[in-house]
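Q: Here you go, this is model_18.csv (CSV, C-alpha atoms).
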chain,number,residue,atom,x,y,z
A,1,MET,CA,32.5,16.7,27.3
A,2,THR,CA,30.6,17.6,24.1
A,3,GLU,CA,27.3,16.1,25.5
A,4,LEU,CA,28.0,17.7,28.9
A,5,ALA,CA,28.4,21.1,27.3
A,6,GLU,CA,25.2,20.7,25.3
A,7,TYR,CA,23.4,19.6,28.4
A,8,TYR,CA,24.4,22.7,30.4
A,9,ARG,CA,23.8,25.0,27.5
A,10,GLU,CA,20.2,23.8,27.3
A,11,ARG,CA,19.8,23.7,31.1
A,12,ALA,CA,21.1,27.3,31.6
A,13,ALA,CA,17.7,28.9,32.2
A,14,GLU,CA,16.7,26.3,34.7
A,15,TYR,CA,20.0,25.5,36.3
A,16,ASP,CA,19.6,27.5,39.5
A,17,ALA,CA,16.5,25.5,40.5
A,18,VAL,CA,18.9,23.0,42.1
A,19,TYR,CA,19.7,25.6,44.8
A,20,ALA,CA,16.1,25.8,45.8
A,21,LYS,CA,15.9,22.2,47.1
A,22,PRO,CA,14.5,22.5,50.7
A,23,GLU,CA,16.7,19.8,52.2
A,24,ARG,CA,19.9,21.5,51.0
A,25,GLN,CA,19.3,25.0,52.5
A,26,GLN,CA,21.2,24.5,55.7
A,27,ASP,CA,24.2,23.2,53.9
A,28,LEU,CA,24.0,26.1,51.4
A,29,ALA,CA,23.9,28.6,54.2
A,30,ARG,CA,27.0,27.1,55.7
A,31,LEU,CA,28.8,27.2,52.4
A,32,HIS,CA,27.9,30.9,52.1
A,33,GLU,CA,29.8,31.3,55.4
A,34,LEU,CA,32.7,29.1,54.6
A,35,VAL,CA,33.6,30.1,51.0
A,36,PRO,CA,34.1,33.9,51.2
A,37,PRO,CA,36.9,33.9,53.8
A,38,LEU,CA,38.9,31.5,51.5
A,39,VAL,CA,39.0,34.0,48.7
A,40,ALA,CA,39.2,37.2,50.8
A,41,GLY,CA,41.4,39.8,49.0
A,42,ARG,CA,42.5,37.2,46.4
A,43,ARG,CA,42.5,37.2,42.6
A,44,VAL,CA,40.4,34.3,41.6
A,45,LEU,CA,40.2,32.2,38.4
A,46,GLU,CA,36.8,30.6,38.5
A,47,ILE,CA,36.5,27.4,36.4
A,48,ALA,CA,33.1,26.5,34.9
A,49,ALA,CA,31.3,29.4,36.5
A,50,GLY,CA,28.0,28.5,34.9
A,51,THR,CA,25.2,31.0,35.7
A,52,GLY,CA,27.4,32.9,38.2
A,53,TYR,CA,25.7,31.6,41.4
A,54,TRP,CA,29.0,31.0,43.1
A,55,THR,CA,30.7,34.0,41.4
A,56,ARG,CA,28.3,36.2,43.3
A,57,VAL,CA,29.3,34.4,46.6
A,58,LEU,CA,33.0,34.9,45.8
A,59,SER,CA,32.6,38.5,44.8
A,60,GLY,CA,31.7,39.7,48.3
A,61,SER,CA,35.3,39.2,49.5
A,62,ALA,CA,37.6,38.5,46.5
A,63,ALA,CA,39.7,41.3,45.1
A,64,ALA,CA,38.9,40.2,41.5
A,65,ILE,CA,37.4,37.3,39.7
A,66,THR,CA,37.7,36.0,36.2
A,67,ALA,CA,34.7,33.8,35.7
A,68,THR,CA,35.1,31.3,32.9
A,69,ASP,CA,32.8,28.8,31.2
A,70,LEU,CA,32.6,26.9,28.0
A,71,ASN,CA,29.1,28.1,27.2
A,72,ALA,CA,28.1,31.6,26.2
A,73,GLU,CA,24.5,30.9,27.3
A,74,THR,CA,25.4,30.4,30.9
A,75,LEU,CA,27.8,33.3,31.0
A,76,ASP,CA,25.0,35.6,29.6
A,77,LEU,CA,23.0,34.7,32.6
A,78,ALA,CA,26.0,35.3,34.9
A,79,ARG,CA,26.5,38.7,33.4
A,80,ALA,CA,23.0,39.7,34.4
A,81,ARG,CA,23.6,39.2,38.1
A,82,GLU,CA,24.6,41.8,40.6
A,83,TYR,CA,28.0,41.3,42.4
A,84,GLY,CA,29.8,42.5,45.4
A,85,GLY,CA,32.8,44.7,45.6
A,86,GLY,CA,35.3,42.5,43.8
A,87,ALA,CA,35.9,43.2,40.1
A,88,VAL,CA,34.2,40.5,38.0
A,89,THR,CA,35.0,39.7,34.4
A,90,PHE,CA,33.7,36.9,32.2
A,91,ARG,CA,35.5,34.9,29.6
A,92,LEU,CA,34.7,31.9,27.4
A,93,ALA,CA,37.3,29.3,28.2
A,94,ASP,CA,37.8,25.5,28.1
A,95,ALA,CA,38.7,24.1,31.6
A,96,TYR,CA,41.3,22.0,29.9
A,97,ALA,CA,43.0,24.9,28.2
A,98,LEU,CA,43.4,27.4,31.1
A,99,ASP,CA,46.7,28.7,29.6
A,100,HIS,CA,44.6,30.7,27.2
A,101,VAL,CA,43.0,32.7,30.0
A,102,PRO,CA,44.9,36.0,30.5
A,103,GLY,CA,45.5,37.5,33.9
A,104,GLU,CA,47.4,36.9,37.2
A,105,PHE,CA,45.7,34.8,39.8
A,106,ASP,CA,46.5,33.4,43.2
A,107,THR,CA,43.4,31.3,43.7
A,108,ALA,CA,41.5,28.8,41.5
A,109,PHE,CA,37.8,28.0,42.3
A,110,ALA,CA,36.0,25.0,40.8
A,111,GLY,CA,32.4,24.7,41.8
A,112,PHE,CA,30.7,21.5,40.7
A,113,PHE,CA,33.1,20.8,37.9
A,114,TRP,CA,35.3,18.3,39.5
A,115,SER,CA,32.5,15.7,39.4
A,116,HIS,CA,32.3,16.1,35.7
A,117,VAL,CA,35.9,15.1,35.0
A,118,LEU,CA,36.5,11.6,33.9
A,119,ARG,CA,38.7,9.6,36.2
A,120,ALA,CA,41.2,9.0,33.4
A,121,ASP,CA,41.2,12.8,32.6
A,122,LEU,CA,41.9,14.0,36.1
A,123,PRO,CA,45.7,13.9,35.9
A,124,ARG,CA,45.6,16.0,32.7
A,125,PHE,CA,43.1,18.5,34.2
A,126,VAL,CA,45.0,18.8,37.5
A,127,ALA,CA,48.4,19.2,35.7
A,128,GLY,CA,47.0,21.9,33.5
A,129,LEU,CA,45.5,23.7,36.4
A,130,SER,CA,48.7,23.5,38.4
A,131,ALA,CA,50.8,24.8,35.5
A,132,ARG,CA,48.4,27.7,34.9
A,133,MET,CA,48.3,28.8,38.6
A,134,GLY,CA,51.9,28.1,39.7
A,135,PRO,CA,53.3,27.2,43.1
A,136,GLY,CA,51.7,28.7,46.2
A,137,ALA,CA,48.3,29.3,44.6
A,138,ARG,CA,45.3,28.2,46.5
A,139,LEU,CA,42.9,25.6,45.0
A,140,ILE,CA,39.3,25.6,46.2
A,141,VAL,CA,36.9,22.8,45.0
A,142,LEU,CA,33.2,22.6,45.9
A,143,ASP,CA,31.0,19.7,44.8
A,144,ASN,CA,28.2,17.3,45.6
A,145,THR,CA,28.0,14.4,48.1
A,146,TYR,CA,25.7,11.7,46.8
A,147,VAL,CA,22.6,11.4,48.9
A,148,PRO,CA,19.9,9.1,47.6
A,149,GLY,CA,16.6,10.9,47.1
A,150,SER,CA,18.2,14.3,46.8
A,151,ASN,CA,20.6,13.4,43.9
A,152,HIS,CA,19.6,11.8,40.6
A,153,PRO,CA,20.1,8.0,40.8
A,154,ILE,CA,23.3,6.5,39.4
A,155,SER,CA,22.4,5.1,36.0
A,156,ARG,CA,25.6,3.2,35.5
A,157,THR,CA,29.2,2.8,36.7
A,158,THR,CA,32.1,2.1,34.3
A,159,GLU,CA,35.0,-0.1,34.8
A,160,ALA,CA,37.2,3.0,35.4
A,161,GLY,CA,34.9,4.0,38.3
A,162,ASP,CA,33.1,6.8,36.6
A,163,THR,CA,29.4,7.2,37.5
A,164,TYR,CA,26.6,8.6,35.3
A,165,GLN,CA,23.1,10.0,35.9
A,166,ARG,CA,20.2,10.2,33.6
A,167,ARG,CA,18.7,13.7,33.6
A,168,THR,CA,15.7,15.1,31.8
A,169,LEU,CA,15.3,18.8,31.1
A,170,ASN,CA,12.0,20.8,31.3
A,171,ASN,CA,11.8,20.5,27.5
A,172,GLY,CA,11.8,16.7,27.7
A,173,ARG,CA,15.3,16.1,26.4
A,174,SER,CA,17.2,13.4,28.3
A,175,PHE,CA,20.9,13.2,28.8
A,176,GLU,CA,23.2,10.8,30.5
A,177,ILE,CA,25.7,12.9,32.4
A,178,LEU,CA,29.0,12.0,34.0
A,179,LYS,CA,28.8,12.8,37.7
A,180,ASN,CA,31.4,11.4,40.0
A,181,PHE,CA,31.3,11.6,43.8
A,182,PRO,CA,34.8,11.4,45.3
A,183,ASP,CA,35.4,11.2,49.0
A,184,ARG,CA,38.1,12.9,51.0
A,185,ARG,CA,40.6,10.1,50.4
A,186,GLN,CA,40.0,10.0,46.7
A,187,PHE,CA,40.3,13.7,46.3
A,188,THR,CA,43.5,13.9,48.3
A,189,ALA,CA,45.0,11.1,46.2
A,190,ASP,CA,43.9,12.9,43.0
A,191,VAL,CA,45.8,16.1,43.9
A,192,ALA,CA,48.7,14.5,45.7
A,193,GLY,CA,51.1,15.2,42.9
A,194,VAL,CA,50.5,18.9,42.7
A,195,ALA,CA,49.1,20.0,46.0
A,196,ALA,CA,49.6,19.8,49.8
A,197,ASP,CA,47.7,20.7,53.0
A,198,VAL,CA,44.3,19.5,51.9
A,199,ARG,CA,41.6,20.9,54.1
A,200,TRP,CA,38.3,19.1,53.8
A,201,THR,CA,34.8,20.1,55.0
A,202,GLN,CA,32.2,17.4,54.8
A,203,LEU,CA,28.5,18.5,54.8
A,204,ARG,CA,25.6,16.2,54.2
A,205,TYR,CA,24.9,17.3,50.6
A,206,TYR,CA,28.2,19.0,49.6
A,207,TRP,CA,31.9,18.9,50.3
A,208,LEU,CA,34.4,21.7,50.2
A,209,ALA,CA,38.2,21.2,49.8
A,210,ALA,CA,41.0,23.7,49.9
A,211,CYS,CA,44.7,23.1,49.3
A,212,VAL,CA,47.9,24.8,48.2
A,213,LEU,CA,49.5,24.1,44.9
A,214,ARG,CA,53.2,23.4,44.9
Produce structure tokens that represent the structure in this file.

A:
Amino acid sequence: MTELAEYYRERAAEYDAVYAKPERQQDLARLHELVPPLVAGRRVLEIAAGTGYWTRVLSGSAAAITATDLNAETLDLARAREYGGGAVTFRLADAYALDHVPGEFDTAFAGFFWSHVLRADLPRFVAGLSARMGPGARLIVLDNTYVPGSNHPISRTTEAGDTYQRRTLNNGRSFEILKNFPDRRQFTADVAGVAADVRWTQLRYYWLAACVLR
């Protein structure tokens, strides 16, 4: 997680370029339609909000959003955006220590963070998230589907099933980044102990899951 945090800290200024990929525009437009109704009128705890791209999407319909991230650099960029009607606040926070984030929430949103959790750490992350949110809260997860040619190639796969990618920033620094690509069956199994009623939307470049914590 230390290297991952450093990577995103250095990548902050160039991060949103990933949303300009021509082949992904149709999927992104569909997600802009699908996500807002899921958070309409709700109090959202956003995990790993990054530069606030998805915070802005959420803000058009959510009642309130607390957007958290481990890096001050990405949150500084997020603060500079314009948002919709929902009240948006920002807070430095560790996704594995959500009990330190104040507020009352009925929805958790994790955009492109699930894929950065080690398979061995998922039970701990899921348990912590469930404990922070409580029964009846909605969990919404958005992440990438692996598509050769659009995603970075997989550089290695561990015995535990974690996959990594080699990424190079504009400044020439290279990082090997954890990036897993679970399918519907894997995700459903990962949340089976804490959630029910998993609803899955599969697009070509992304997947979107929504479930209810119990």

Q: What's the separation between CA of Val117 in chain A and CA of Met133 in chain A, in Å to one decimal place?

A: 18.8 Å

Q: Given only C-alpha atoms as the basis, pick out the residue of A:Ala209, A:Leu169, A:Val44, A:Val141 nearest to Thr107 in chain A.

A: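 Of all the options, A:Val44 lies closest to Thr107 in chain A.
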
Q: What is the CA of Asp121 in chain A-CA of Leu4 in chain A distance in Å, reported with one decimal?

A: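 That distance, rounded to one decimal, is 14.6 Å.
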
Q: For range 93-105 of chain A, please output as a CSV table (one decimal) with C-alpha atoms, in the frame of the given file all residues within 9 Å (counting only C-alpha atoms; exclusion window: fewer than 6 positions along the same chain).

A:
chain,number,residue,atom,x,y,z
A,42,ARG,CA,42.5,37.2,46.4
A,43,ARG,CA,42.5,37.2,42.6
A,44,VAL,CA,40.4,34.3,41.6
A,45,LEU,CA,40.2,32.2,38.4
A,47,ILE,CA,36.5,27.4,36.4
A,48,ALA,CA,33.1,26.5,34.9
A,64,ALA,CA,38.9,40.2,41.5
A,65,ILE,CA,37.4,37.3,39.7
A,66,THR,CA,37.7,36.0,36.2
A,68,THR,CA,35.1,31.3,32.9
A,69,ASP,CA,32.8,28.8,31.2
A,70,LEU,CA,32.6,26.9,28.0
A,71,ASN,CA,29.1,28.1,27.2
A,124,ARG,CA,45.6,16.0,32.7
A,125,PHE,CA,43.1,18.5,34.2
A,128,GLY,CA,47.0,21.9,33.5
A,129,LEU,CA,45.5,23.7,36.4
A,131,ALA,CA,50.8,24.8,35.5
A,132,ARG,CA,48.4,27.7,34.9
A,133,MET,CA,48.3,28.8,38.6
A,137,ALA,CA,48.3,29.3,44.6

Q: Could you tell me which of A:Ala110, A:Ala127, A:Val35, A:Ala72 comes closest to Leu139 in chain A if we count only C-alpha atoms?

A: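 Under the stated criterion, the closest residue is A:Ala110.
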
Q: At most 12 Å from (36.2, 21.0, 53.6), file frame, only C-alpha atoms: which residues, as number ranges by chain?

A: A: 30-31, 34-35, 38, 139-145, 183-184, 187-188, 197-204, 206-211

Q: Nearest to Gly149 in chain A among A:Asp106, A:Asp190, A:Glu23, A:Glu176, with distances taken over only C-alpha atoms: which residue is it?

A: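 The closest residue to Gly149 in chain A is A:Glu23.
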
Q: Find the residues near Leu28 in chain A: any atom within 9 Å, counting all atoms listed in the file, skip ones fewer than 5 places away on the same chain, and give them as a list in words.

A: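 After dropping sequence-adjacent residues, the list is Tyr19, Glu33, Tyr205 and Tyr206 of chain A.
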
Q: One number please: CA of His152 in chain A to CA of Ser174 in chain A, in Å, one decimal.

A: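 Answer for the CA of His152 in chain A to CA of Ser174 in chain A separation: 12.6 Å.
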
Q: I'd like to know which of A:Phe90, A:Tyr53, A:Tyr164, A:Phe109 is closest to Val18 in chain A, using all atoms listed in the file.

A: A:Tyr53

Q: I'd like to know which of A:Glu10, A:Arg24, A:Leu118, A:Glu3 is closest to Gly172 in chain A, using all atoms listed in the file.

A: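 For Gly172 in chain A, the nearest of the given residues is A:Glu10.
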
Q: Would you tabulate, counting all atoms listed in the file, all residues of range 76-186 of chain A that have an atom at most 9 Å from an atom of range 54-60 of chain A, showing the closest pair of atoms and their distance in Å to one decimal, sorted by chain then ascending number, as a Markdown table?

A:
| residue | atom | partner | partner_atom | distance |
| --- | --- | --- | --- | --- |
| A:Ala78 | CA | A:Thr55 | CA | 8.1 |
| A:Arg81 | CA | A:Arg56 | CA | 7.6 |
| A:Glu82 | CA | A:Arg56 | CA | 7.2 |
| A:Tyr83 | CA | A:Arg56 | CA | 5.2 |
| A:Gly84 | CA | A:Gly60 | CA | 4.5 |
| A:Gly85 | CA | A:Gly60 | CA | 5.8 |
| A:Gly86 | CA | A:Ser59 | CA | 4.9 |
| A:Ala87 | CA | A:Ser59 | CA | 7.4 |
| A:Val88 | CA | A:Ser59 | CA | 7.3 |
| A:Gly111 | CA | A:Trp54 | CA | 7.3 |
